[in-house]
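Okay, coords.txt now, which holds compact mmCIF, C-alpha atoms:
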```txt
# COMPACT_ATOMS: atom_id res chain seq x y z
CA MET F 822 -120.98 -103.52 13.33
CA ALA F 823 -118.21 -104.93 15.48
CA ARG F 824 -118.87 -106.17 18.96
CA THR F 825 -118.27 -104.32 22.20
CA GLY F 826 -117.85 -105.83 25.65
CA ARG F 827 -116.32 -105.28 29.05
CA ALA F 828 -112.53 -104.84 29.13
CA GLY F 829 -112.09 -104.14 32.83
CA ALA F 830 -112.99 -101.46 35.36
CA GLY F 831 -114.33 -98.47 33.45
CA GLN F 832 -113.24 -99.90 30.08
CA THR F 833 -115.24 -101.37 27.23
CA ALA F 834 -113.59 -103.64 24.68
CA ILE F 835 -114.28 -102.59 21.08
CA ARG F 836 -113.45 -104.19 17.73
CA VAL F 837 -113.29 -101.89 14.74
CA PRO F 838 -113.82 -103.47 11.28
CA ILE F 839 -111.00 -102.88 8.79
CA ALA F 840 -111.50 -104.63 5.46
CA SER F 841 -112.18 -108.28 6.42
CA GLN F 842 -110.36 -108.06 9.75
CA LEU F 843 -110.72 -106.25 13.07
CA LEU F 844 -108.75 -103.73 15.11
CA ASP F 845 -108.91 -104.41 18.86
CA GLY F 846 -109.33 -101.52 21.28
CA ASP F 847 -110.57 -100.23 24.61
CA LEU F 848 -113.01 -97.38 25.18
CA GLY F 849 -112.93 -95.47 28.45
CA MET F 850 -116.12 -93.51 29.04
CA PRO F 851 -116.56 -91.21 32.09
CA ALA F 852 -120.10 -90.56 33.31
CA ASP F 853 -120.49 -87.24 31.47
CA PRO F 854 -117.59 -86.67 29.05
CA HIS F 855 -117.01 -83.37 27.26
CA GLY F 856 -114.77 -84.83 24.57
CA LEU F 857 -113.19 -87.99 23.19
CA VAL F 858 -109.44 -88.50 22.75
CA VAL F 859 -108.32 -91.17 20.28
CA PHE F 860 -104.77 -92.49 20.81
CA ALA F 861 -102.28 -93.37 18.08
CA HIS F 862 -99.46 -95.46 19.53
CA GLY F 863 -95.87 -95.35 18.37
CA SER F 864 -93.76 -97.76 16.36
CA GLY F 865 -93.73 -101.31 17.67
CA SER F 866 -96.28 -100.50 20.39
CA SER F 867 -99.99 -101.19 20.88
CA ARG F 868 -103.02 -100.11 22.86
CA HIS F 869 -101.37 -101.74 25.89
CA SER F 870 -98.57 -99.15 25.99
CA PRO F 871 -98.16 -98.33 29.71
CA ARG F 872 -97.34 -94.72 28.85
CA ASN F 873 -100.50 -94.16 26.83
CA GLN F 874 -102.52 -96.07 29.42
CA LEU F 875 -101.30 -93.70 32.15
CA VAL F 876 -102.20 -90.65 30.08
CA ALA F 877 -105.60 -92.11 29.21
CA ARG F 878 -106.52 -92.68 32.84
CA ALA F 879 -105.50 -89.11 33.66
CA LEU F 880 -107.68 -87.73 30.86
CA GLU F 881 -110.64 -89.81 32.01
CA ARG F 882 -110.32 -88.22 35.46
CA ARG F 883 -110.80 -84.92 33.68
CA ASP F 884 -114.05 -86.11 32.08
CA LEU F 885 -112.55 -86.93 28.70
CA ALA F 886 -113.46 -90.22 27.06
CA THR F 887 -110.56 -92.20 25.59
CA ALA F 888 -110.16 -94.75 22.79
CA LEU F 889 -106.98 -96.82 22.60
CA VAL F 890 -107.15 -98.99 19.49
CA ASP F 891 -104.45 -101.04 17.80
CA LEU F 892 -103.64 -99.55 14.40
CA LEU F 893 -102.60 -102.94 13.03
CA THR F 894 -104.64 -106.11 12.85
CA GLU F 895 -103.46 -109.12 14.85
CA GLN F 896 -101.97 -110.65 11.71
CA GLU F 897 -100.22 -107.43 10.68
CA GLY F 898 -98.89 -107.00 14.20
CA ALA F 899 -97.32 -110.46 14.11
CA ILE F 900 -95.67 -109.66 10.77
CA ASP F 901 -94.49 -106.28 12.03
CA GLU F 902 -92.82 -107.86 15.07
CA ARG F 903 -90.65 -109.90 12.71
CA THR F 904 -90.06 -107.44 9.88
CA ALA F 905 -90.99 -103.91 11.12
CA GLU F 906 -92.91 -103.73 7.84
CA PHE F 907 -95.84 -101.59 8.97
CA ARG F 908 -94.67 -99.42 11.86
CA PHE F 909 -93.27 -96.68 9.60
CA ASP F 910 -96.07 -96.84 7.03
CA ILE F 911 -97.46 -93.52 8.23
CA PRO F 912 -100.15 -93.13 5.51
CA LEU F 913 -101.48 -96.59 6.45
CA LEU F 914 -101.53 -95.73 10.16
CA ALA F 915 -103.25 -92.40 9.44
CA SER F 916 -105.92 -94.12 7.34
CA ARG F 917 -106.56 -96.58 10.15
CA LEU F 918 -106.88 -93.70 12.60
CA ILE F 919 -109.47 -92.06 10.34
CA THR F 920 -111.37 -95.37 10.11
CA ILE F 921 -111.43 -95.59 13.92
CA VAL F 922 -112.72 -92.02 14.26
CA GLU F 923 -115.47 -92.66 11.71
CA TRP F 924 -116.45 -95.92 13.44
CA LEU F 925 -116.64 -94.21 16.83
CA ARG F 926 -119.07 -91.69 15.35
CA HIS F 927 -121.60 -94.53 15.05
CA LEU F 928 -121.52 -95.26 18.79
CA SER F 929 -124.34 -93.49 20.59
CA ALA F 930 -122.10 -92.67 23.55
CA ALA F 931 -119.52 -90.93 21.35
CA ALA F 932 -121.52 -89.61 18.42
CA ALA F 933 -121.83 -86.02 19.65
CA LEU F 934 -118.45 -85.67 21.35
CA PRO F 935 -115.73 -83.42 19.89
CA ILE F 936 -112.67 -85.50 19.05
CA GLY F 937 -108.99 -84.96 19.77
CA LEU F 938 -106.01 -87.09 18.76
CA PHE F 939 -103.09 -88.06 21.01
CA GLY F 940 -100.17 -89.42 19.03
CA ALA F 941 -96.94 -90.91 20.39
CA SER F 942 -93.72 -91.22 18.37
CA THR F 943 -94.69 -92.22 14.82
CA GLY F 944 -98.31 -91.94 15.94
CA GLY F 945 -97.72 -88.20 16.14
CA GLY F 946 -97.10 -88.07 12.39
CA ALA F 947 -100.13 -90.27 11.71
CA SER F 948 -102.31 -88.04 13.91
CA LEU F 949 -101.31 -84.91 12.01
CA ILE F 950 -102.09 -86.53 8.65
CA ALA F 951 -105.49 -87.64 9.98
CA ALA F 952 -106.18 -84.14 11.29
CA ALA F 953 -105.23 -82.66 7.92
CA ASP F 954 -107.51 -85.09 6.08
CA ARG F 955 -110.47 -84.58 8.44
CA PRO F 956 -110.32 -80.86 9.34
CA GLY F 957 -113.97 -80.71 10.31
CA GLU F 958 -113.76 -83.80 12.52
CA ILE F 959 -110.57 -83.35 14.57
CA ALA F 960 -110.72 -80.48 17.05
CA ALA F 961 -107.25 -80.75 18.63
CA VAL F 962 -104.02 -82.74 18.47
CA VAL F 963 -101.39 -83.58 21.10
CA SER F 964 -98.12 -85.29 20.18
CA ARG F 965 -95.84 -86.97 22.78
CA GLY F 966 -92.27 -87.46 21.63
CA GLY F 967 -93.78 -87.36 18.18
CA ARG F 968 -92.39 -87.39 14.66
CA PRO F 969 -94.35 -84.59 12.96
CA ASP F 970 -91.76 -84.65 10.18
CA LEU F 971 -93.33 -87.93 9.04
CA ALA F 972 -96.54 -86.03 8.19
CA GLY F 973 -94.72 -84.35 5.30
CA ALA F 974 -96.76 -81.93 3.22
CA ALA F 975 -99.86 -82.61 5.35
CA LEU F 976 -98.43 -80.25 7.98
CA LEU F 977 -99.51 -77.32 5.84
CA ARG F 978 -103.13 -78.52 5.89
CA VAL F 979 -103.54 -79.04 9.64
CA ILE F 980 -105.96 -76.53 11.15
CA ALA F 981 -106.52 -78.19 14.54
CA PRO F 982 -104.67 -76.55 17.46
CA THR F 983 -101.63 -78.73 18.06
CA LEU F 984 -99.48 -79.27 21.14
CA LEU F 985 -96.06 -80.89 20.64
CA ILE F 986 -94.55 -82.35 23.84
CA VAL F 987 -90.91 -83.44 23.75
CA GLY F 988 -88.45 -84.53 26.42
CA GLY F 989 -85.64 -82.10 27.17
CA ARG F 990 -83.03 -84.82 26.62
CA ASP F 991 -84.51 -85.87 23.27
CA SER F 992 -82.48 -83.37 21.24
CA ALA F 993 -82.98 -84.92 17.79
CA VAL F 994 -86.75 -85.03 18.19
CA ILE F 995 -86.81 -81.48 19.59
CA GLN F 996 -85.23 -80.29 16.35
CA MET F 997 -87.68 -82.32 14.25
CA ASN F 998 -90.57 -80.68 16.09
CA ARG F 999 -89.11 -77.19 15.70
CA ASP F 1000 -88.66 -77.79 11.97
CA ALA F 1001 -92.30 -78.96 11.73
CA ILE F 1002 -93.58 -75.87 13.52
CA ARG F 1003 -92.03 -73.67 10.84
CA GLN F 1004 -94.15 -75.48 8.25
CA MET F 1005 -97.45 -75.36 10.14
CA ARG F 1006 -100.14 -72.72 9.79
CA ALA F 1007 -102.34 -73.96 12.62
CA GLU F 1008 -101.99 -72.77 16.19
CA VAL F 1009 -99.10 -74.86 17.48
CA LYS F 1010 -97.12 -74.89 20.72
CA LEU F 1011 -93.97 -76.77 21.71
CA GLU F 1012 -93.63 -77.89 25.34
CA ILE F 1013 -90.28 -79.31 26.42
CA VAL F 1014 -90.33 -81.40 29.60
CA PRO F 1015 -87.00 -80.75 31.38
CA GLY F 1016 -84.84 -83.81 32.03
CA ALA F 1017 -87.14 -86.21 30.15
CA SER F 1018 -85.91 -88.69 27.55
CA HIS F 1019 -87.82 -89.95 24.51
CA LEU F 1020 -90.00 -92.38 26.49
CA PHE F 1021 -90.57 -90.01 29.44
CA GLU F 1022 -89.48 -92.72 31.87
CA GLU F 1023 -88.07 -90.29 34.45
CA PRO F 1024 -90.02 -89.67 37.69
CA GLY F 1025 -92.85 -87.22 37.11
CA ALA F 1026 -92.25 -86.90 33.35
CA LEU F 1027 -95.38 -88.75 32.20
CA ALA F 1028 -97.48 -87.02 34.82
CA ARG F 1029 -96.36 -83.73 33.29
CA VAL F 1030 -97.30 -85.00 29.82
CA ALA F 1031 -100.75 -85.99 31.10
CA ALA F 1032 -101.27 -82.60 32.72
CA LEU F 1033 -100.24 -80.72 29.57
CA ALA F 1034 -102.43 -82.90 27.37
CA GLY F 1035 -105.38 -82.57 29.73
CA ASP F 1036 -105.09 -78.79 29.74
CA TRP F 1037 -104.88 -78.68 25.94
CA PHE F 1038 -107.85 -80.94 25.29
CA THR F 1039 -109.95 -79.25 27.98
CA ARG F 1040 -109.24 -75.93 26.30
CA TYR F 1041 -109.82 -76.93 22.69
CA LEU F 1042 -112.47 -79.65 22.76
CA PRO F 1043 -115.73 -77.69 22.83
CA ALA F 1044 -117.71 -78.13 26.02
CA VAL F 1045 -120.47 -80.27 24.50
CA ARG F 1046 -121.88 -82.35 27.32
CA SER F 1047 -123.15 -85.88 26.89
CA THR F 1048 -126.93 -86.39 26.83
CA ARG F 1049 -126.62 -89.79 28.49
CA ARG F 1050 -128.26 -90.23 31.86
CA GLY F 1051 -127.52 -92.89 34.42
```

Before anything else, please render the file you have as structure tokens.
Amino acid sequence: MARTGRAGAGQTAIRVPIASQLLDGDLGMPADPHGLVVFAHGSGSSRHSPRNQLVARALERRDLATALVDLLTEQEGAIDERTAEFRFDIPLLASRLITIVEWLRHLSAAAALPIGLFGASTGGGASLIAAADRPGEIAAVVSRGGRPDLAGAALLRVIAPTLLIVGGRDSAVIQMNRDAIRQMRAEVKLEIVPGASHLFEEPGALARVAALAGDWFTRYLPAVRSTRRG
């Protein structure tokens, strides 16, 4: 099994095996979490995304554990920076997300926690495919500025309650999300953040995303408390 180690205040560095390589990540574990949220970053991004980091810290304050793991290996990431070869390979990213979820199930601290997925941009499409492929494992999905259209036919198979968050100024992505909703059978809700662009860089926009995501995961991740004791 891959190594874990300290990654900073409240964070543990993790390395998830994928074939003969490793995916680097960080695990944030509150004292008594009631769920675990696994992040899927968007195209050209990584676990260091400041937007996902902000949301993760907000979820941890609400007693939700978080896992931010790179979906590409270090070698693949270097290739992708030059060629953009992997960032739109949504089936590959979804399979990596599933591998991460399965690996986390072998950690004693996370084994019993209900799991949600938080996908950004193309990570939104990957999260929905993963949720469709693991219906008994994924309890809820949140997408930020996501591309659910990239999930294709998998949208029909998603059963996890899904929240789609889009900026009010991101008109093309709003339409993509509305089109996806018409194809989904799961409980799904669209939240439009007024005045926000695709990256939610406007004052207060990301805080609103974090609040919406926190409410959704608190509602839909079953209240199974950790058995760990300090």

Which of these, F:Ala1001, F:Leu928, F:Ile959, F:Val987, has the shortest distance to Ala941 (chain F) once you count all atoms listed in the file?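 Among F:Ala1001, F:Leu928, F:Ile959, F:Val987, it is F:Val987 that comes nearest to Ala941 (chain F).
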
What are the closest atom pairs, with distances in Å to one decimal, for each residue of region 869-934 of chain F lying within 12 Å of region 967-983 of chain F, using only C-alpha atoms, rows by chain and rising residue number, as JSON lines?
```
{"residue": "F:Arg908", "atom": "CA", "partner": "F:Leu971", "partner_atom": "CA", "distance": 11.9}
{"residue": "F:Phe909", "atom": "CA", "partner": "F:Leu971", "partner_atom": "CA", "distance": 8.8}
{"residue": "F:Asp910", "atom": "CA", "partner": "F:Leu971", "partner_atom": "CA", "distance": 9.5}
{"residue": "F:Ile911", "atom": "CA", "partner": "F:Leu971", "partner_atom": "CA", "distance": 7.0}
{"residue": "F:Pro912", "atom": "CA", "partner": "F:Ala972", "partner_atom": "CA", "distance": 8.4}
{"residue": "F:Leu913", "atom": "CA", "partner": "F:Ala972", "partner_atom": "CA", "distance": 11.8}
{"residue": "F:Leu914", "atom": "CA", "partner": "F:Ala972", "partner_atom": "CA", "distance": 11.1}
{"residue": "F:Ala915", "atom": "CA", "partner": "F:Ala972", "partner_atom": "CA", "distance": 9.3}
```

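You can rank F:Arg903, F:Arg955, F:His855, F:His869 by their closest distance to Leu885 (chain F) using only C-alpha atoms, and at the top of that list sits F:His855.
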
Neighbouring residues of region 872-875 of chain F were defined as those with any atom within 10 Å, considering only C-alpha atoms; residues of the same chain fewer than 6 positions away were excluded. Please report them as a list in words. Phe860, Ala861, His862, Gly863, Ser866, Thr887, Leu889, Phe939, Gly940, Ala941, Arg965, Leu1020, Phe1021, Glu1022, Leu1027, Ala1028, Val1030 and Ala1031 of chain F

Output of the above residues as a PDB file, in the frame of the given file, restricted to C-alpha atoms:
```
ATOM      1  CA  PHE F 860    -104.770 -92.490  20.810  1.00  0.00           C
ATOM      2  CA  ALA F 861    -102.280 -93.370  18.080  1.00  0.00           C
ATOM      3  CA  HIS F 862     -99.460 -95.460  19.530  1.00  0.00           C
ATOM      4  CA  GLY F 863     -95.870 -95.350  18.370  1.00  0.00           C
ATOM      5  CA  SER F 866     -96.280-100.500  20.390  1.00  0.00           C
ATOM      6  CA  THR F 887    -110.560 -92.200  25.590  1.00  0.00           C
ATOM      7  CA  LEU F 889    -106.980 -96.820  22.600  1.00  0.00           C
ATOM      8  CA  PHE F 939    -103.090 -88.060  21.010  1.00  0.00           C
ATOM      9  CA  GLY F 940    -100.170 -89.420  19.030  1.00  0.00           C
ATOM     10  CA  ALA F 941     -96.940 -90.910  20.390  1.00  0.00           C
ATOM     11  CA  ARG F 965     -95.840 -86.970  22.780  1.00  0.00           C
ATOM     12  CA  LEU F1020     -90.000 -92.380  26.490  1.00  0.00           C
ATOM     13  CA  PHE F1021     -90.570 -90.010  29.440  1.00  0.00           C
ATOM     14  CA  GLU F1022     -89.480 -92.720  31.870  1.00  0.00           C
ATOM     15  CA  LEU F1027     -95.380 -88.750  32.200  1.00  0.00           C
ATOM     16  CA  ALA F1028     -97.480 -87.020  34.820  1.00  0.00           C
ATOM     17  CA  VAL F1030     -97.300 -85.000  29.820  1.00  0.00           C
ATOM     18  CA  ALA F1031    -100.750 -85.990  31.100  1.00  0.00           C
TER      19      ALA F1031
END
```

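When the distance limit is 8 Å and only C-alpha atoms are what count, the residues near Pro854 (chain F), minus those fewer than 2 positions from it on the same chain, are Met850, Pro851, Ala852, Gly856, Leu857, Asp884, Leu885, Ala886, Leu934, Arg1046 and Ser1047 of chain F.
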
Let me make sure I understand: among F:Ala899, F:Val994, F:Ile839, F:Val963, which one has the smallest atom-to-atom distance to Ala1034 (chain F) if we use all atoms listed in the file? F:Val963

Could you work out how far CA of Gln842 (chain F) lies from CA of Val962 (chain F), giving the answer in Å with one decimal?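 Rounded to one decimal, the two atoms are 27.5 Å apart.
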
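Comparing F:Ala951, F:Ile936, F:Ala877, F:Ile900 by their smallest distance to Tyr1041 (chain F), the closest is F:Ile936 (using all atoms listed in the file).
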
What is the CA of Glu1023 (chain F)-CA of Ala879 (chain F) distance in Å, reported with one decimal?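 So the answer is 17.5 Å.
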
Padding 3 Å on every side, please: axis-aligned box over the listed atoms of region 939-945 of chain F, centre and edge lengths to one decimal in Å, as JSON.
```
{"center_x": -98.4, "center_y": -90.1, "center_z": 17.9, "size_x": 15.4, "size_y": 10.2, "size_z": 12.2}
```

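Using all atoms listed in the file, the smallest distance between any of F:Pro935, F:Gly988, F:Leu880, F:Gln1004 and Gly957 (chain F) comes from F:Pro935.
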